[in-house]
$ cat protein.txt   # compact mmCIF, C-alpha atoms
# COMPACT_ATOMS: atom_id res chain seq x y z
CA MET A 175 11.81 32.47 14.27
CA THR A 176 11.19 35.15 11.63
CA TYR A 177 7.68 36.37 10.91
CA THR A 178 6.61 38.10 7.72
CA THR A 179 3.85 40.20 9.31
CA HIS A 180 3.04 41.71 12.69
CA VAL A 181 -0.31 39.95 12.75
CA GLU A 182 1.32 36.54 12.25
CA ALA A 183 3.69 37.08 15.17
CA GLU A 184 0.86 38.31 17.37
CA LEU A 185 -1.60 35.53 16.64
CA THR A 186 1.13 32.95 17.26
CA SER A 187 1.69 34.32 20.79
CA GLN A 188 -1.88 33.71 21.93
CA PRO A 189 -1.35 30.57 24.03
CA GLU A 190 1.22 32.39 26.17
CA CYS A 191 -1.05 35.42 26.51
CA TRP A 192 -3.97 33.26 27.60
CA ASP A 193 -1.85 31.45 30.16
CA ARG A 194 -0.63 34.74 31.59
CA VAL A 195 -4.01 36.44 31.86
CA ALA A 196 -5.65 33.36 33.39
CA ALA A 197 -2.92 33.19 36.04
CA ASP A 198 -3.52 36.86 36.92
CA VAL A 199 -7.32 36.80 36.96
CA ASP A 200 -7.67 36.98 40.75
CA THR A 201 -5.78 40.27 40.83
CA HIS A 202 -8.63 41.86 38.89
CA LYS A 203 -11.63 40.31 40.65
CA ASP A 204 -12.48 43.50 42.57
CA VAL A 205 -13.12 45.46 39.37
CA LEU A 206 -14.87 42.72 37.37
CA PRO A 207 -18.60 41.92 37.57
CA VAL A 208 -19.77 39.98 40.60
CA GLN A 209 -22.60 37.48 40.75
CA GLY A 210 -26.01 39.08 40.57
CA GLU A 211 -24.96 42.31 38.91
CA ARG A 212 -26.84 43.38 35.80
CA VAL A 213 -24.07 43.98 33.28
CA ALA A 214 -23.61 45.36 29.79
CA VAL A 215 -20.45 44.57 27.83
CA VAL A 216 -19.62 46.99 25.02
CA GLY A 217 -17.05 47.43 22.29
CA CYS A 218 -16.59 48.22 18.62
CA GLY A 219 -15.77 45.83 15.80
CA THR A 220 -13.82 42.85 17.13
CA SER A 221 -14.38 43.98 20.73
CA PHE A 222 -18.15 43.98 20.16
CA PHE A 223 -18.02 40.39 18.99
CA MET A 224 -16.00 39.43 22.08
CA ALA A 225 -18.69 41.19 24.13
CA GLN A 226 -21.33 38.97 22.52
CA SER A 227 -19.45 35.86 23.63
CA VAL A 228 -18.92 37.19 27.16
CA ALA A 229 -22.60 37.99 27.58
CA VAL A 230 -23.67 34.44 26.77
CA LEU A 231 -20.93 32.88 28.91
CA ARG A 232 -21.83 35.00 31.93
CA GLU A 233 -25.56 34.31 31.76
CA ARG A 234 -25.04 30.60 31.24
CA ALA A 235 -22.69 30.56 34.24
CA GLY A 236 -25.60 31.84 36.34
CA GLN A 237 -23.83 35.11 37.14
CA GLY A 238 -26.63 37.47 36.15
CA GLU A 239 -28.35 39.18 33.26
CA THR A 240 -25.76 40.31 30.72
CA ASP A 241 -26.20 42.17 27.45
CA ALA A 242 -23.76 43.03 24.68
CA PHE A 243 -23.87 46.17 22.57
CA ALA A 244 -21.84 48.03 20.01
CA ALA A 245 -20.78 51.10 21.99
CA SER A 246 -22.64 53.36 19.57
CA GLU A 247 -25.90 51.46 20.18
CA PHE A 248 -26.04 51.49 23.99
CA PRO A 249 -29.70 51.63 25.16
CA TRP A 250 -29.96 54.62 27.49
CA GLY A 251 -33.38 53.56 28.74
CA ARG A 252 -31.94 50.55 30.61
CA ASP A 253 -30.23 50.48 33.97
CA TYR A 254 -27.09 48.42 34.62
CA ASP A 255 -25.03 47.84 37.73
CA ARG A 256 -21.85 47.85 35.66
CA VAL A 257 -20.70 48.43 32.10
CA VAL A 258 -17.56 46.63 30.92
CA ALA A 259 -15.88 48.23 27.91
CA LEU A 260 -13.37 46.41 25.69
CA THR A 261 -11.03 48.75 23.83
CA ARG A 262 -7.61 47.75 22.58
CA SER A 263 -6.44 51.28 21.80
CA GLY A 264 -8.18 53.18 24.61
CA THR A 265 -8.97 55.90 22.05
CA THR A 266 -12.04 54.67 20.16
CA THR A 267 -14.50 57.54 19.94
CA GLU A 268 -17.73 55.63 20.58
CA VAL A 269 -16.34 53.88 23.67
CA LEU A 270 -14.94 57.08 25.17
CA THR A 271 -18.19 58.94 24.55
CA LEU A 272 -20.22 56.21 26.22
CA LEU A 273 -17.96 55.94 29.27
CA ASP A 274 -17.93 59.71 29.69
CA ARG A 275 -21.73 59.85 29.69
CA LEU A 276 -21.96 57.02 32.20
CA ARG A 277 -19.72 58.70 34.79
CA GLY A 278 -21.50 59.19 38.07
CA ARG A 279 -24.49 57.01 37.12
CA THR A 280 -23.12 53.54 36.32
CA ARG A 281 -19.93 51.85 37.46
CA THR A 282 -17.60 51.18 34.53
CA THR A 283 -14.61 48.92 33.94
CA ALA A 284 -12.43 49.27 30.84
CA ILE A 285 -10.16 46.50 29.58
CA THR A 286 -7.47 47.97 27.34
CA ALA A 287 -4.01 47.29 25.95
CA ASP A 288 -2.85 50.86 26.60
CA PRO A 289 -3.83 52.51 29.89
CA ALA A 290 -1.86 55.66 29.02
CA THR A 291 -4.78 56.79 26.86
CA PRO A 292 -8.02 58.78 27.38
CA VAL A 293 -9.95 55.68 28.49
CA THR A 294 -8.24 55.93 31.89
CA ASP A 295 -9.80 59.37 32.40
CA VAL A 296 -13.38 58.28 31.72
CA ALA A 297 -13.61 54.75 33.19
CA ASP A 298 -13.99 54.10 36.92
CA GLU A 299 -11.56 51.17 36.76
CA VAL A 300 -9.08 50.05 34.14
CA ILE A 301 -7.57 46.60 33.58
CA PRO A 302 -4.38 46.97 31.50
CA LEU A 303 -3.35 44.09 29.24
CA ALA A 304 -0.24 45.75 27.84
CA PHE A 305 1.46 42.40 27.25
CA ALA A 306 -1.28 41.60 24.72
CA ASP A 307 -1.01 44.90 22.83
CA GLU A 308 -0.51 44.72 19.08
CA ARG A 309 1.24 46.63 16.32
CA SER A 310 -1.14 45.25 13.72
CA VAL A 311 -4.38 46.88 12.62
CA VAL A 312 -6.08 43.48 12.50
CA GLN A 313 -6.84 42.36 16.06
CA THR A 314 -5.95 38.88 17.23
CA ARG A 315 -4.31 38.39 20.62
CA PHE A 316 -5.72 41.38 22.51
CA ALA A 317 -9.31 40.38 21.78
CA THR A 318 -8.86 36.71 22.64
CA THR A 319 -6.84 37.55 25.76
CA ALA A 320 -9.54 39.92 27.00
CA LEU A 321 -12.12 37.20 26.40
CA THR A 322 -9.93 34.69 28.22
CA LEU A 323 -9.69 37.04 31.21
CA LEU A 324 -13.47 37.24 31.47
CA ARG A 325 -13.89 33.54 30.74
CA ALA A 326 -11.43 32.67 33.52
CA HIS A 327 -13.26 35.05 35.87
CA LEU A 328 -16.37 32.95 35.23
CA GLY A 329 -14.52 29.70 35.87
CA ARG A 330 -14.91 28.68 32.23
CA HIS A 331 -11.23 28.57 31.23
CA THR A 332 -9.00 25.50 31.53
CA ASP A 333 -5.52 24.41 30.49
CA ALA A 334 -7.19 22.37 27.76
CA VAL A 335 -8.17 25.59 25.99
CA VAL A 336 -4.51 26.64 25.77
CA ALA A 337 -3.53 23.16 24.60
CA ASP A 338 -6.13 23.41 21.84
CA ALA A 339 -4.73 26.80 20.83
CA ARG A 340 -1.29 25.25 20.44
CA THR A 341 -2.83 22.49 18.33
CA ALA A 342 -4.54 25.16 16.21
CA LEU A 343 -1.15 26.76 15.55
CA GLU A 344 0.77 23.56 14.89
CA SER A 345 -1.61 21.46 12.82
CA PRO A 346 -2.00 21.96 9.06
CA LEU A 347 -5.01 23.86 7.80
CA PRO A 348 -7.54 21.84 5.79
CA GLU A 349 -6.37 21.57 2.20
CA GLY A 350 -8.04 23.56 -0.53
CA LEU A 351 -9.52 26.34 1.59
CA THR A 352 -7.37 29.14 0.19
CA GLY A 353 -9.01 28.68 -3.19
CA CYS A 354 -12.58 28.99 -1.91
CA ALA A 355 -14.64 31.89 -3.22
CA GLN A 356 -16.82 32.32 -0.13
CA PHE A 357 -16.67 31.41 3.58
CA THR A 358 -19.47 31.04 6.13
CA PHE A 359 -18.76 30.76 9.87
CA LEU A 360 -21.27 29.28 12.28
CA GLY A 361 -21.57 29.27 16.06
CA ARG A 362 -23.92 28.29 18.86
CA GLY A 363 -24.38 30.09 22.15
CA TRP A 364 -21.20 31.90 23.10
CA SER A 365 -19.45 30.89 19.88
CA VAL A 366 -21.85 32.96 17.74
CA GLY A 367 -19.75 36.00 18.66
CA LEU A 368 -16.63 34.08 17.66
CA ALA A 369 -18.21 33.20 14.31
CA ASN A 370 -18.91 36.89 13.73
CA GLU A 371 -15.29 37.67 14.56
CA ALA A 372 -14.01 34.88 12.29
CA ALA A 373 -15.89 36.39 9.37
CA LEU A 374 -14.53 39.85 10.19
CA LYS A 375 -10.94 38.56 10.30
CA MET A 376 -11.28 37.06 6.85
CA ARG A 377 -12.72 40.28 5.44
CA GLU A 378 -10.08 42.50 7.03
CA ALA A 379 -6.99 40.45 6.24
CA SER A 380 -7.88 38.87 2.92
CA LEU A 381 -10.86 40.82 1.49
CA ALA A 382 -12.77 37.54 1.36
CA TRP A 383 -16.53 37.24 0.92
CA THR A 384 -17.57 35.98 4.34
CA GLU A 385 -20.76 35.60 6.35
CA ALA A 386 -21.57 34.46 9.90
CA TYR A 387 -24.72 33.07 11.49
CA PRO A 388 -26.04 31.11 14.46
CA ALA A 389 -25.78 27.54 13.25
CA MET A 390 -29.51 26.81 13.31
CA GLU A 391 -30.26 30.03 11.41
CA TYR A 392 -27.94 29.03 8.59
CA ARG A 393 -30.58 26.66 7.24
CA HIS A 394 -33.15 29.46 7.05
CA GLY A 395 -31.85 31.04 3.86
CA PRO A 396 -28.06 31.50 4.04
CA ILE A 397 -27.37 27.91 2.99
CA SER A 398 -28.63 28.93 -0.45
CA VAL A 399 -25.24 30.49 -1.30
CA THR A 400 -23.37 27.30 -0.40
CA THR A 401 -22.08 25.42 -3.41
CA ASP A 402 -18.96 23.98 -4.97
CA GLY A 403 -16.10 26.36 -4.16
CA THR A 404 -17.49 27.62 -0.85
CA ALA A 405 -16.64 26.60 2.72
CA THR A 406 -18.76 26.43 5.86
CA TRP A 407 -16.76 26.35 9.12
CA MET A 408 -18.36 25.37 12.43
CA LEU A 409 -16.97 26.85 15.65
CA GLY A 410 -18.06 24.37 18.30
CA GLU A 411 -20.43 21.42 18.12
CA ALA A 412 -22.64 21.36 15.03
CA PRO A 413 -26.40 20.71 15.06
CA GLU A 414 -27.26 17.18 14.06
CA GLY A 415 -27.43 16.68 10.30
CA LEU A 416 -25.96 20.06 9.34
CA ALA A 417 -22.67 18.70 8.01
CA GLN A 418 -24.57 16.30 5.77
CA GLN A 419 -26.77 19.11 4.45
CA VAL A 420 -23.71 21.18 3.56
CA GLY A 421 -22.17 18.18 1.84
CA GLU A 422 -25.28 17.78 -0.29
CA THR A 423 -24.85 21.33 -1.63
CA GLY A 424 -21.36 20.53 -2.91
CA GLY A 425 -19.82 22.96 -0.43
CA ARG A 426 -16.88 22.25 1.83
CA TRP A 427 -17.65 21.50 5.52
CA VAL A 428 -15.03 22.27 8.18
CA ALA A 429 -15.77 20.73 11.56
CA GLY A 430 -14.69 22.57 14.68
CA GLY A 431 -13.09 19.87 16.78
CA LEU A 432 -11.19 22.24 19.10
CA ASP A 433 -12.40 24.64 21.75
CA PRO A 434 -14.24 27.40 19.83
CA LEU A 435 -11.67 30.04 20.84
CA ALA A 436 -8.90 27.82 19.47
CA GLU A 437 -10.94 27.36 16.30
CA LEU A 438 -10.84 31.14 15.93
CA VAL A 439 -7.03 30.90 15.95
CA ARG A 440 -7.26 28.46 13.05
CA VAL A 441 -9.41 30.96 11.17
CA GLN A 442 -6.89 33.72 11.85
CA ARG A 443 -4.26 31.52 10.23
CA LEU A 444 -6.57 30.89 7.29
CA ALA A 445 -7.07 34.64 6.85
CA LEU A 446 -3.31 35.07 6.49
CA ALA A 447 -3.06 32.13 4.10
CA VAL A 448 -5.81 33.53 1.87
CA ALA A 449 -4.18 36.98 2.00
CA ALA A 450 -0.89 35.47 0.89
CA ALA A 451 -2.58 33.56 -1.93
CA ARG A 452 -4.14 36.81 -3.13
CA GLY A 453 -0.94 38.83 -2.85
CA LEU A 454 -2.27 41.02 -0.03
CA ASP A 455 -0.44 42.46 2.98
CA PRO A 456 -2.56 41.80 6.11
CA ASP A 457 -0.60 44.44 8.00
CA ARG A 458 -2.10 47.03 5.66
CA PRO A 459 -5.81 46.19 5.40
CA ARG A 460 -7.78 48.30 2.99
CA HIS A 461 -9.51 51.41 4.42
CA LEU A 462 -8.71 50.46 8.05
CA THR A 463 -6.76 52.06 10.88
CA ARG A 464 -5.73 50.68 14.26
CA SER A 465 -8.26 52.88 16.10
CA VAL A 466 -11.35 54.70 14.88
CA VAL A 467 -11.25 58.29 16.12
CA LEU A 468 -14.10 60.47 14.87
CA GLY A 469 -13.39 64.17 15.17
CA SER A 470 -17.01 65.29 15.02
CA ALA A 471 -18.79 62.32 16.53
CA ARG A 472 -21.82 63.04 18.68
CA GLY A 473 -21.81 59.57 20.21
CA PRO A 474 -24.89 57.56 21.23
CA GLU A 475 -28.05 59.57 21.71
CA ALA A 476 -30.38 59.02 24.64
CA ARG A 477 -33.09 56.65 23.48
$ encode --input "protein.txt" --output "structure tokens"
Amino acid sequence: MTYTTHVEAELTSQPECWDRVAADVDTHKDVLPVQGERVAVVGCGTSFFMAQSVAVLRERAGQGETDAFAASEFPWGRDYDRVVALTRSGTTTEVLTLLDRLRGRTRTTAITADPATPVTDVADEVIPLAFADERSVVQTRFATTALTLLRAHLGRHTDAVVADARTALESPLPEGLTGCAQFTFLGRGWSVGLANEAALKMREASLAWTEAYPAMEYRHGPISVTTDGTATWMLGEAPEGLAQQVGETGGRWVAGGLDPLAELVRVQRLALAVAAARGLDPDRPRHLTRSVVLGSARGPEAR
């Protein structure tokens, strides 16, 4: 099969990546959080949104208090038993600065696609997911594979999730979406982070006007932009009556019938479809690079 972009080839490989990482999860259990630990999960951009999902999943699994932060916003006044850092490149400035400052005071685990990078020197333990590395700037499979690893560690991953991902790749996208002027993505609980990531993917790949909210918050103002020519996509089960309210605005409602992580795969496909309709190359997103390396960054201040 021939792919036109790196990102298309990478997003299509996600079911196999998820299967592989779930099968290997027990080999990493000694360096992943254990029940009762107070944990912070950190990252930048896409990795931060994955951290948001992990934090909710872990707390709801009864494993212990878990927070998620952008690496640049880590709260130095709080104590954690472990910090888990998600970093595809292993070179992101904010993540490296944070891990370096935590050495000797808090145990750290980094999940990365490339262990032959500076993250190995500053993290206590490293979990390499080289098979999920990517050539594209726009993240797809590394982020969802890292989330699947942590989800499987919590006992919240099943074969049905992979089956849903295959359905997301094989089934047609809803008609008419590529012509929409604005997209809103909604989530509940752990899928709020996925909604944030869905909106980011659309912005990065297709320069689309996108927003993301917890589903119940959408009614408290954001619904005012919904109208004919806009789409509202739910990742997970929708609150009662919300689909009807969107319909009354004239906007397009997209129900999330698959596992929320598989719904994210559908959105990734939509991002490529919108990019193609607009004549954009998603392998060359505007103003973006594969890793953000800041030559003069001071990193997070103690606060």
$ residues_around --input "protein.txt" --residues "region 241-243 of chain A" --least-positions-apart "5" --cutoff "7 Å" --atoms "all atoms listed in the file" --output "list in words"
Val213, Ala214, Val215, Val216, Gly217, Phe222, Ala225, Gln226, Ala229 and Phe248 of chain A
$ residues_around --input "protein.txt" --residues "region 198-209 of chain A" --least-positions-apart "2" --cutoff "7 Å" --atoms "all atoms listed in the file" --output "PyMOL selection string"
chain A and resi 194-196+211+237-238+283+299+323+326-327
$ closest_atom_pairs --input "protein.txt" --of "region 308-390 of chain A" --to "region 436-444 of chain A" --cutoff "10 Å" --atoms "all atoms listed in the file" --output "JSON lines"
{"residue": "A:Val312", "atom": "CA", "partner": "A:Gln442", "partner_atom": "CA", "distance": 9.8}
{"residue": "A:Gln313", "atom": "CA", "partner": "A:Gln442", "partner_atom": "CA", "distance": 9.6}
{"residue": "A:Thr314", "atom": "CA", "partner": "A:Gln442", "partner_atom": "CA", "distance": 7.5}
{"residue": "A:Arg315", "atom": "CA", "partner": "A:Val439", "partner_atom": "CA", "distance": 9.2}
{"residue": "A:Thr318", "atom": "CA", "partner": "A:Leu438", "partner_atom": "CA", "distance": 8.9}
{"residue": "A:Val335", "atom": "CA", "partner": "A:Ala436", "partner_atom": "CA", "distance": 6.9}
{"residue": "A:Val336", "atom": "CA", "partner": "A:Ala436", "partner_atom": "CA", "distance": 7.8}
{"residue": "A:Ala337", "atom": "CA", "partner": "A:Ala436", "partner_atom": "CA", "distance": 8.8}
{"residue": "A:Asp338", "atom": "CA", "partner": "A:Ala436", "partner_atom": "CA", "distance": 5.7}
{"residue": "A:Ala339", "atom": "CA", "partner": "A:Ala436", "partner_atom": "CA", "distance": 4.5}
{"residue": "A:Arg340", "atom": "CA", "partner": "A:Ala436", "partner_atom": "CA", "distance": 8.1}
{"residue": "A:Thr341", "atom": "CA", "partner": "A:Ala436", "partner_atom": "CA", "distance": 8.2}
{"residue": "A:Ala342", "atom": "CA", "partner": "A:Arg440", "partner_atom": "CA", "distance": 5.3}
{"residue": "A:Leu343", "atom": "CA", "partner": "A:Arg440", "partner_atom": "CA", "distance": 6.8}
{"residue": "A:Glu344", "atom": "CA", "partner": "A:Arg440", "partner_atom": "CA", "distance": 9.6}
{"residue": "A:Ser345", "atom": "CA", "partner": "A:Arg440", "partner_atom": "CA", "distance": 9.0}
{"residue": "A:Pro346", "atom": "CA", "partner": "A:Arg440", "partner_atom": "CA", "distance": 9.3}
{"residue": "A:Leu347", "atom": "CA", "partner": "A:Leu444", "partner_atom": "CA", "distance": 7.2}
{"residue": "A:Pro348", "atom": "CA", "partner": "A:Leu444", "partner_atom": "CA", "distance": 9.2}
{"residue": "A:Leu351", "atom": "CA", "partner": "A:Leu444", "partner_atom": "CA", "distance": 7.9}
{"residue": "A:Thr352", "atom": "CA", "partner": "A:Leu444", "partner_atom": "CA", "distance": 7.4}
{"residue": "A:Phe359", "atom": "CA", "partner": "A:Val441", "partner_atom": "CA", "distance": 9.4}
{"residue": "A:Ser365", "atom": "CA", "partner": "A:Leu438", "partner_atom": "CA", "distance": 9.5}
{"residue": "A:Leu368", "atom": "CA", "partner": "A:Leu438", "partner_atom": "CA", "distance": 6.7}
{"residue": "A:Ala369", "atom": "CA", "partner": "A:Leu438", "partner_atom": "CA", "distance": 7.8}
{"residue": "A:Glu371", "atom": "CA", "partner": "A:Leu438", "partner_atom": "CA", "distance": 8.0}
{"residue": "A:Ala372", "atom": "CA", "partner": "A:Leu438", "partner_atom": "CA", "distance": 6.1}
{"residue": "A:Ala373", "atom": "CA", "partner": "A:Val441", "partner_atom": "CA", "distance": 8.6}
{"residue": "A:Leu374", "atom": "CA", "partner": "A:Gln442", "partner_atom": "CA", "distance": 9.9}
{"residue": "A:Lys375", "atom": "CA", "partner": "A:Gln442", "partner_atom": "CA", "distance": 6.5}
{"residue": "A:Met376", "atom": "CA", "partner": "A:Gln442", "partner_atom": "CA", "distance": 7.4}
{"residue": "A:Ala379", "atom": "CA", "partner": "A:Gln442", "partner_atom": "CA", "distance": 8.8}
{"residue": "A:Ser380", "atom": "CA", "partner": "A:Leu444", "partner_atom": "CA", "distance": 9.2}
$ atom_distance --input "protein.txt" --atom1 "CA of Ile285 (chain A)" --atom2 "CA of Ser187 (chain A)"
19.1 Å
$ closest_residue --input "protein.txt" --among "A:Asp298, A:Glu308, A:Asp433, A:Glu247" --to "Met408 (chain A)" --atoms "only C-alpha atoms"
A:Asp433
$ residues_around --input "protein.txt" --residues "Arg279 (chain A)" --least-positions-apart "2" --cutoff "12 Å" --atoms "all atoms listed in the file" --output "list in words"
Trp250, Arg252, Asp253, Tyr254, Asp255, Arg256, Val257, Leu272, Leu273, Asp274, Arg275, Leu276, Arg277, Arg281, Thr282, Ala297 and Asp298 of chain A
$ atom_distance --input "protein.txt" --atom1 "CA of Arg330 (chain A)" --atom2 "CA of Asp193 (chain A)"
13.5 Å
$ closest_residue --input "protein.txt" --among "A:Leu328, A:Gly264, A:Gln418, A:Ile301" --to "Cys218 (chain A)" --atoms "only C-alpha atoms"
A:Gly264
$ atom_distance --input "protein.txt" --atom1 "CA of Arg325 (chain A)" --atom2 "CA of Leu360 (chain A)"
20.3 Å
$ build_atoms --input "protein.txt" --residues "region 351-369 of chain A" --atoms "N, CA and C atoms" --output "PDB file, in the frame of the given file"
ATOM      1  N   LEU A 351      -8.695  25.223   1.127  1.00  0.00           N
ATOM      2  CA  LEU A 351      -9.520  26.340   1.590  1.00  0.00           C
ATOM      3  C   LEU A 351      -9.101  27.664   0.972  1.00  0.00           C
ATOM      4  N   THR A 352      -7.814  27.841   0.698  1.00  0.00           N
ATOM      5  CA  THR A 352      -7.370  29.140   0.190  1.00  0.00           C
ATOM      6  C   THR A 352      -7.957  29.459  -1.181  1.00  0.00           C
ATOM      7  N   GLY A 353      -8.425  28.447  -1.872  1.00  0.00           N
ATOM      8  CA  GLY A 353      -9.010  28.680  -3.190  1.00  0.00           C
ATOM      9  C   GLY A 353     -10.510  28.881  -3.163  1.00  0.00           C
ATOM     10  N   CYS A 354     -11.125  28.835  -1.991  1.00  0.00           N
ATOM     11  CA  CYS A 354     -12.580  28.990  -1.910  1.00  0.00           C
ATOM     12  C   CYS A 354     -12.989  30.426  -2.226  1.00  0.00           C
ATOM     13  N   ALA A 355     -14.146  30.576  -2.835  1.00  0.00           N
ATOM     14  CA  ALA A 355     -14.640  31.890  -3.220  1.00  0.00           C
ATOM     15  C   ALA A 355     -15.441  32.559  -2.117  1.00  0.00           C
ATOM     16  N   GLN A 356     -15.963  31.775  -1.177  1.00  0.00           N
ATOM     17  CA  GLN A 356     -16.820  32.320  -0.130  1.00  0.00           C
ATOM     18  C   GLN A 356     -16.712  31.457   1.112  1.00  0.00           C
ATOM     19  N   PHE A 357     -16.800  32.108   2.297  1.00  0.00           N
ATOM     20  CA  PHE A 357     -16.670  31.410   3.580  1.00  0.00           C
ATOM     21  C   PHE A 357     -17.839  31.798   4.484  1.00  0.00           C
ATOM     22  N   THR A 358     -18.430  30.802   5.133  1.00  0.00           N
ATOM     23  CA  THR A 358     -19.470  31.040   6.130  1.00  0.00           C
ATOM     24  C   THR A 358     -19.021  30.448   7.451  1.00  0.00           C
ATOM     25  N   PHE A 359     -19.154  31.216   8.532  1.00  0.00           N
ATOM     26  CA  PHE A 359     -18.760  30.760   9.870  1.00  0.00           C
ATOM     27  C   PHE A 359     -20.003  30.673  10.745  1.00  0.00           C
ATOM     28  N   LEU A 360     -20.096  29.555  11.464  1.00  0.00           N
ATOM     29  CA  LEU A 360     -21.270  29.280  12.280  1.00  0.00           C
ATOM     30  C   LEU A 360     -20.897  29.077  13.733  1.00  0.00           C
ATOM     31  N   GLY A 361     -21.782  29.476  14.629  1.00  0.00           N
ATOM     32  CA  GLY A 361     -21.570  29.270  16.060  1.00  0.00           C
ATOM     33  C   GLY A 361     -22.872  28.941  16.752  1.00  0.00           C
ATOM     34  N   ARG A 362     -22.744  28.555  18.014  1.00  0.00           N
ATOM     35  CA  ARG A 362     -23.920  28.290  18.860  1.00  0.00           C
ATOM     36  C   ARG A 362     -23.620  28.856  20.236  1.00  0.00           C
ATOM     37  N   GLY A 363     -24.596  29.530  20.821  1.00  0.00           N
ATOM     38  CA  GLY A 363     -24.380  30.090  22.150  1.00  0.00           C
ATOM     39  C   GLY A 363     -23.264  31.114  22.128  1.00  0.00           C
ATOM     40  N   TRP A 364     -22.273  30.911  23.011  1.00  0.00           N
ATOM     41  CA  TRP A 364     -21.200  31.900  23.100  1.00  0.00           C
ATOM     42  C   TRP A 364     -20.304  31.944  21.875  1.00  0.00           C
ATOM     43  N   SER A 365     -20.318  30.882  21.053  1.00  0.00           N
ATOM     44  CA  SER A 365     -19.450  30.890  19.880  1.00  0.00           C
ATOM     45  C   SER A 365     -20.054  31.633  18.691  1.00  0.00           C
ATOM     46  N   VAL A 366     -21.295  32.128  18.809  1.00  0.00           N
ATOM     47  CA  VAL A 366     -21.850  32.960  17.740  1.00  0.00           C
ATOM     48  C   VAL A 366     -21.003  34.227  17.581  1.00  0.00           C
ATOM     49  N   GLY A 367     -20.623  34.831  18.717  1.00  0.00           N
ATOM     50  CA  GLY A 367     -19.750  36.000  18.660  1.00  0.00           C
ATOM     51  C   GLY A 367     -18.423  35.676  18.005  1.00  0.00           C
ATOM     52  N   LEU A 368     -17.896  34.493  18.282  1.00  0.00           N
ATOM     53  CA  LEU A 368     -16.630  34.080  17.660  1.00  0.00           C
ATOM     54  C   LEU A 368     -16.798  33.872  16.159  1.00  0.00           C
ATOM     55  N   ALA A 369     -17.953  33.357  15.747  1.00  0.00           N
ATOM     56  CA  ALA A 369     -18.210  33.200  14.310  1.00  0.00           C
ATOM     57  C   ALA A 369     -18.253  34.567  13.629  1.00  0.00           C
TER      58      ALA A 369
END
